[in-house]
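Visitor: The following block contains the structure, expressed as structure tokens.
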Amino acid sequence: MEKTYYNPEDLKKFGNISEFSPKLAEKFFSYYGEVFAEGELTAREKSLIALAVAHTVQCPYCIDAYTVDTLEKGCTEGQMMEAIHVAAAIRGGSSLVHGVQMMNKVKDILM
Amino acid sequence: MPSLKKLNHELADTFIQLEVLNQATQRGIHFPFFTQKLRDINLFPLRPVALEIFQVNVGKMCNQVCKHCHVDAGPDRIEIMNRETMQYCLDALAQTNIQTVDITGGAPEMNPNFRWFVSEIRKLGRQIIVRCNLTIIVANKKYHDLPAFFKENQVHVISSLPYFSAARTNAQRGDGVFEDSIRALNMLNAVGYGKDNTNLILDLVYNPSGAFLPGNQLSIEAEFKKKLKAGYAIDFNHLFAITNLPISRFLDYLVQSKNYDAYMEKLVNAFNPAAAAHVMCRNTISIGWDGFLYDCDFNQMLELKVSKTAPQHIREFNEYLLQNRDIVINQHCYGCTAGAGSSCGGATA
């Protein structure tokens, strides 16, 4: 076992997940490839979404991969940071909107 | 900033560059040989197709010192082509049907015989490309009329602009380069370059400002067009996305920033057989400032002359022998075969 849970070298071994379950891996990577292809959203827009989601799920592999990918797709540092702010706003908003639930409960039980 | 040569930097020595490229890395990684990659797809030995581009590097002198420059060009470089060698180029051209002459440098306009050379090529009726770094146009009053000169000679202008933001461009090419480049682009637009229905072609070259590969050329072109038009009212025709090759100053950057292993690994893993089949060395001959012949401008900077079976110098030009040579390849060639491929004309696959 590694001394740390995350090793940057492991990112390159993503494809190796097929070793234990080839069929499911094949289906996943085929789906993954298609998801990120040019579609109604551009590949560039999808890469920025992926970067934001990577920060939401706090996956170091995904942050590494999609920082490079967004740069390669010509995104600016400002666009990349704005995408992360979108993720942060949704995360923050998600906590805060539950405040309404708290307020409802408070109003239910307080005299 | 001085050139690597002026600094007596070890990577100014092409032998050492090739050693870095061919030996195991500090982490013990030995990348597969490029020759083997070509063998695997039946492309070795790599042979020319019809010669279409006559690329002349008229010298290493430049007003800029860009951090990624494969030429190690700069104001302290004095190696420039003399008129006698230019005449050999013209004599060679006159014997062939090669339609395109691609003039590069350094800043080719700094060669005192540049305008004469362009005019003489024009008399031969060939299409002329000048790789203009843009800032030379505003560097000195004597260059301010370059847009008019280009127009008069129907020169196809190809200019480097690594990014549409000042920060990223200046980080790669030097302080103030972005602002000067914008001024120069406005001057080129003013005489009709990059505008509809003028036949005055202005293409831009994008290359990544760091240790990553260029993305989709069309997508980056669309973004450049949007940003340059909205921010600076600039028009241009096409954008060529070019991969930085791991030689000279870019190799130095990769080694210094500890990105060499990862970058080379990326190039190797992104090897694309379709791009390999369309590498520019197959339809190009590259002439150095001193008249020696190379398969491409990168081989020129690594001092890898054309195969001994072909003439070595432009005064001995022989199209038949050049056409039948084996192209010299090495580990840096991975830069032209990665992903969508890379050439002086952008993506190849």
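Note on naming: chains are A, B, ... as they come in the structure tokens, residues start from 1 per chain, ligands start from 1 in the order shown.
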Residues of chain A no more than 9 Å from chain B, counting only C-alpha atoms: send them over as a PyMOL selection string.
Guide: chain A and resi 42-44+68-76
Visitor: Write the residues you've just listed into a file as an mmCIF file, in the first residue's frame, and include N, CA and C atoms for each of them.
Guide:
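Once written, result.cif looks like this:
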```
data_model
loop_
_atom_site.group_PDB
_atom_site.id
_atom_site.type_symbol
_atom_site.label_atom_id
_atom_site.label_comp_id
_atom_site.auth_asym_id
_atom_site.auth_seq_id
_atom_site.Cartn_x
_atom_site.Cartn_y
_atom_site.Cartn_z
ATOM 1 N N THR A 42 -19.818 22.899 -26.547
ATOM 2 C CA THR A 42 -18.496 22.667 -27.143
ATOM 3 C C THR A 42 -17.649 21.850 -26.172
ATOM 4 N N ALA A 43 -16.601 21.222 -26.721
ATOM 5 C CA ALA A 43 -15.684 20.448 -25.871
ATOM 6 C C ALA A 43 -15.040 21.378 -24.835
ATOM 7 N N ARG A 44 -14.859 22.632 -25.236
ATOM 8 C CA ARG A 44 -14.249 23.614 -24.337
ATOM 9 C C ARG A 44 -15.180 23.920 -23.150
ATOM 10 N N VAL A 68 -5.153 20.999 -16.941
ATOM 11 C CA VAL A 68 -4.389 20.893 -18.194
ATOM 12 C C VAL A 68 -5.339 20.953 -19.391
ATOM 13 N N ASP A 69 -6.436 20.234 -19.294
ATOM 14 C CA ASP A 69 -7.358 20.157 -20.430
ATOM 15 C C ASP A 69 -7.947 21.530 -20.781
ATOM 16 N N THR A 70 -8.340 22.303 -19.752
ATOM 17 C CA THR A 70 -8.912 23.623 -20.040
ATOM 18 C C THR A 70 -7.841 24.548 -20.641
ATOM 19 N N LEU A 71 -6.598 24.432 -20.131
ATOM 20 C CA LEU A 71 -5.512 25.236 -20.722
ATOM 21 C C LEU A 71 -5.319 24.855 -22.183
ATOM 22 N N GLU A 72 -5.289 23.544 -22.437
ATOM 23 C CA GLU A 72 -5.093 23.090 -23.819
ATOM 24 C C GLU A 72 -6.222 23.564 -24.724
ATOM 25 N N LYS A 73 -7.396 23.708 -24.159
ATOM 26 C CA LYS A 73 -8.530 24.136 -24.982
ATOM 27 C C LYS A 73 -8.598 25.656 -25.091
ATOM 28 N N GLY A 74 -7.579 26.336 -24.575
ATOM 29 C CA GLY A 74 -7.460 27.780 -24.781
ATOM 30 C C GLY A 74 -8.188 28.632 -23.751
ATOM 31 N N CYS A 75 -8.578 28.050 -22.624
ATOM 32 C CA CYS A 75 -9.282 28.846 -21.604
ATOM 33 C C CYS A 75 -8.307 29.769 -20.881
ATOM 34 N N THR A 76 -8.834 30.898 -20.443
ATOM 35 C CA THR A 76 -8.006 31.831 -19.673
ATOM 36 C C THR A 76 -8.044 31.437 -18.198
#
```
Visitor: Give me the residues near region 29-32 of chain A as a list in words, where near means some atom within 9 Å (using only C-alpha atoms) and where sequence neighbours in that chain fewer than 5 positions away do not count.
Guide: Gly15, Leu24 and Ala37 of chain A
Visitor: With C-alpha atoms kept, could you save the residues just selected as a PDB file, in the first residue's frame?
Guide:
```
ATOM      1  CA  GLY A  15      -7.357   2.863 -17.798  1.00  0.00           C
ATOM      2  CA  LEU A  24     -17.819  -2.272 -17.364  1.00  0.00           C
ATOM      3  CA  ALA A  37     -16.980  15.144 -27.549  1.00  0.00           C
TER       4      ALA A  37
END
```
Visitor: Can you tell me, as a list of chain:residue names, what residues are no more than 9 Å from Ala50 (chain A) when counting only C-alpha atoms, ignoring any on the same chain fewer than 6 positions away?
Guide: A:Cys62, A:Ile63, A:Tyr66
Visitor: List every residue of region 144-328 of chain B that DSSP, applied to the backbone, labels as strand (DSSP E or B), and write the result as a ChimeraX atom specification.
Guide: /B:156-160,202-206,239-241,271,284-287,292-294,305,313
Visitor: So which residues touch Leu293 (chain B) within 12 Å, counting only C-alpha atoms, skipping near sequence neighbours fewer than 6 positions away, as a PyMOL selection string?
Guide: chain B and resi 54-57+85+89+281+284-287+299-301+303-308+310-319+322+327-328
Visitor: Quick one: write out the picked residues with C-alpha atoms as a PDB file, in the first residue's frame?
Guide:
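Saved as out.pdb:
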```pdb
ATOM      1  CA  PHE B  54      11.218  26.153 -49.773  1.00  0.00           C
ATOM      2  CA  GLN B  55      11.772  27.447 -46.253  1.00  0.00           C
ATOM      3  CA  VAL B  56      14.617  29.909 -45.887  1.00  0.00           C
ATOM      4  CA  ASN B  57      15.866  30.930 -42.471  1.00  0.00           C
ATOM      5  CA  THR B  85      23.632  32.749 -50.262  1.00  0.00           C
ATOM      6  CA  CYS B  89      18.530  30.219 -53.113  1.00  0.00           C
ATOM      7  CA  CYS B 281       9.515  17.686 -43.486  1.00  0.00           C
ATOM      8  CA  THR B 284       9.632  21.042 -47.241  1.00  0.00           C
ATOM      9  CA  ILE B 285      13.294  21.780 -47.601  1.00  0.00           C
ATOM     10  CA  SER B 286      14.848  24.081 -45.031  1.00  0.00           C
ATOM     11  CA  ILE B 287      17.818  26.321 -45.804  1.00  0.00           C
ATOM     12  CA  ASN B 299      16.566  19.923 -37.474  1.00  0.00           C
ATOM     13  CA  GLN B 300      18.352  23.072 -38.589  1.00  0.00           C
ATOM     14  CA  MET B 301      18.536  24.341 -35.016  1.00  0.00           C
ATOM     15  CA  GLU B 303      22.407  21.049 -36.674  1.00  0.00           C
ATOM     16  CA  LEU B 304      21.048  17.817 -38.160  1.00  0.00           C
ATOM     17  CA  LYS B 305      21.789  18.345 -41.856  1.00  0.00           C
ATOM     18  CA  VAL B 306      19.979  16.430 -44.606  1.00  0.00           C
ATOM     19  CA  SER B 307      21.118  12.888 -45.342  1.00  0.00           C
ATOM     20  CA  LYS B 308      24.587  12.605 -46.921  1.00  0.00           C
ATOM     21  CA  ALA B 310      21.599  14.561 -50.801  1.00  0.00           C
ATOM     22  CA  PRO B 311      23.414  17.831 -51.477  1.00  0.00           C
ATOM     23  CA  GLN B 312      24.422  19.528 -48.243  1.00  0.00           C
ATOM     24  CA  HIS B 313      24.445  23.147 -49.448  1.00  0.00           C
ATOM     25  CA  ILE B 314      22.024  25.238 -51.467  1.00  0.00           C
ATOM     26  CA  ARG B 315      24.688  26.005 -54.112  1.00  0.00           C
ATOM     27  CA  GLU B 316      24.638  22.253 -54.928  1.00  0.00           C
ATOM     28  CA  PHE B 317      20.821  22.116 -55.015  1.00  0.00           C
ATOM     29  CA  ASN B 318      19.562  18.998 -56.760  1.00  0.00           C
ATOM     30  CA  GLU B 319      15.847  18.383 -56.473  1.00  0.00           C
ATOM     31  CA  LEU B 322      16.701  15.695 -52.276  1.00  0.00           C
ATOM     32  CA  ILE B 327      14.555  12.290 -43.740  1.00  0.00           C
ATOM     33  CA  VAL B 328      16.651  12.670 -40.589  1.00  0.00           C
TER      34      VAL B 328
END
```
Visitor: Find the residues around Leu46 (chain B) up to 12 Å (only C-alpha atoms counted), leave out those fewer than 2 positions away in its own chain, and share them as a VMD selection string.
Guide: chain B and resid 34 to 39 41 to 44 48 to 49 276 to 283 295 307 323 to 330 333
Visitor: Take the residues that were just selected and, keeping C-alpha atoms, output them as a PDB file, in the first residue's frame.
Guide:
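Writing done, so here's part-v6.pdb:
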```pdb
ATOM      1  CA  PHE B  34      10.905   7.811 -32.647  1.00  0.00           C
ATOM      2  CA  THR B  35      12.421   5.583 -35.337  1.00  0.00           C
ATOM      3  CA  GLN B  36      10.684   2.602 -33.731  1.00  0.00           C
ATOM      4  CA  LYS B  37       7.339   4.443 -33.665  1.00  0.00           C
ATOM      5  CA  LEU B  38       7.675   5.072 -37.405  1.00  0.00           C
ATOM      6  CA  ARG B  39       8.750   1.471 -38.006  1.00  0.00           C
ATOM      7  CA  ILE B  41       3.443   2.104 -38.757  1.00  0.00           C
ATOM      8  CA  ASN B  42       5.622   1.322 -41.797  1.00  0.00           C
ATOM      9  CA  LEU B  43       6.816   4.906 -42.206  1.00  0.00           C
ATOM     10  CA  PHE B  44      10.514   4.252 -41.582  1.00  0.00           C
ATOM     11  CA  PRO B  48       9.668  12.981 -48.894  1.00  0.00           C
ATOM     12  CA  VAL B  49       6.558  13.494 -50.942  1.00  0.00           C
ATOM     13  CA  ALA B 276       3.144  11.264 -38.671  1.00  0.00           C
ATOM     14  CA  ALA B 277       2.106  10.669 -42.262  1.00  0.00           C
ATOM     15  CA  HIS B 278       1.664  14.418 -42.802  1.00  0.00           C
ATOM     16  CA  VAL B 279       4.743  15.883 -41.123  1.00  0.00           C
ATOM     17  CA  MET B 280       5.993  19.023 -42.853  1.00  0.00           C
ATOM     18  CA  CYS B 281       9.515  17.686 -43.486  1.00  0.00           C
ATOM     19  CA  ARG B 282       8.027  15.488 -46.206  1.00  0.00           C
ATOM     20  CA  ASN B 283       7.161  18.419 -48.477  1.00  0.00           C
ATOM     21  CA  ASP B 295      14.745  18.603 -43.395  1.00  0.00           C
ATOM     22  CA  SER B 307      21.118  12.888 -45.342  1.00  0.00           C
ATOM     23  CA  GLN B 323      13.493  14.023 -53.330  1.00  0.00           C
ATOM     24  CA  ASN B 324      15.120  10.634 -52.895  1.00  0.00           C
ATOM     25  CA  ARG B 325      16.705  11.162 -49.502  1.00  0.00           C
ATOM     26  CA  ASP B 326      15.772   9.624 -46.177  1.00  0.00           C
ATOM     27  CA  ILE B 327      14.555  12.290 -43.740  1.00  0.00           C
ATOM     28  CA  VAL B 328      16.651  12.670 -40.589  1.00  0.00           C
ATOM     29  CA  ILE B 329      14.580  12.100 -37.461  1.00  0.00           C
ATOM     30  CA  ASN B 330      15.217  12.176 -33.736  1.00  0.00           C
ATOM     31  CA  CYS B 333      10.058  14.757 -33.846  1.00  0.00           C
TER      32      CYS B 333
END
```
Visitor: Pick from A:Ala52, A:Lys13, A:Lys23, A:Gly99: nearest to Glu82 (chain A), with only C-alpha atoms counted?
Guide: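 That would be A:Ala52, the residue with the smallest distance to Glu82 (chain A).
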Visitor: Rank nothing, just name the residue among B:Cys132, B:Leu11, B:Ile201, B:Ile98 nearest to Leu254 (chain B), using only C-alpha atoms.
Guide: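 Distance minimum relative to Leu254 (chain B) lands on B:Leu11.
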Visitor: Give me, as number ranges by chain, the residues of region 1-105 of chain A that a backbone DSSP run labels alpha helix (DSSP H).
Guide: A: 22-35, 43-56, 60-72, 77-105
Visitor: For the atom pair CA of Leu302 (chain B) and CA of Leu134 (chain B), what is the interatomic distance in Å to one decimal place?
Guide: 25.6 Å
Visitor: Quick one, how far is CA of Asn237 (chain B) from CA of Thr169 (chain B)?
Guide: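 Going from CA of Asn237 (chain B) over to CA of Thr169 (chain B), I get 19.8 Å.
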Visitor: Give me the residues within 12 Å of Tyr263 (chain B) as a ChimeraX atom specification, counting only C-alpha atoms and dropping any in the same chain fewer than 5 places off.
Guide: /A:68 /B:21,25,31,210-213,243-246,250-251,253-255,257-258,268-270,332,334-335,338
Visitor: Give me, please, the distance in Å between CA of His30 (chain B) and CA of Lys266 (chain B), quoted to one decimal.
Guide: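 Pair CA of His30 (chain B) / CA of Lys266 (chain B) returns 13.4 Å.
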Visitor: Nearest to Ala83 (chain A): which of A:Ala25, A:Val35, A:Leu11, A:Leu48 is it, counting only C-alpha atoms?
Guide: A:Leu48
Visitor: When distances are computed from only C-alpha atoms, which of A:Ser94, A:Val100, A:Tyr61, A:Val106 shows the smallest separation from Tyr5 (chain A)?
Guide: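 Of A:Ser94, A:Val100, A:Tyr61, A:Val106, the one nearest Tyr5 (chain A), counting only C-alpha atoms, is A:Tyr61.
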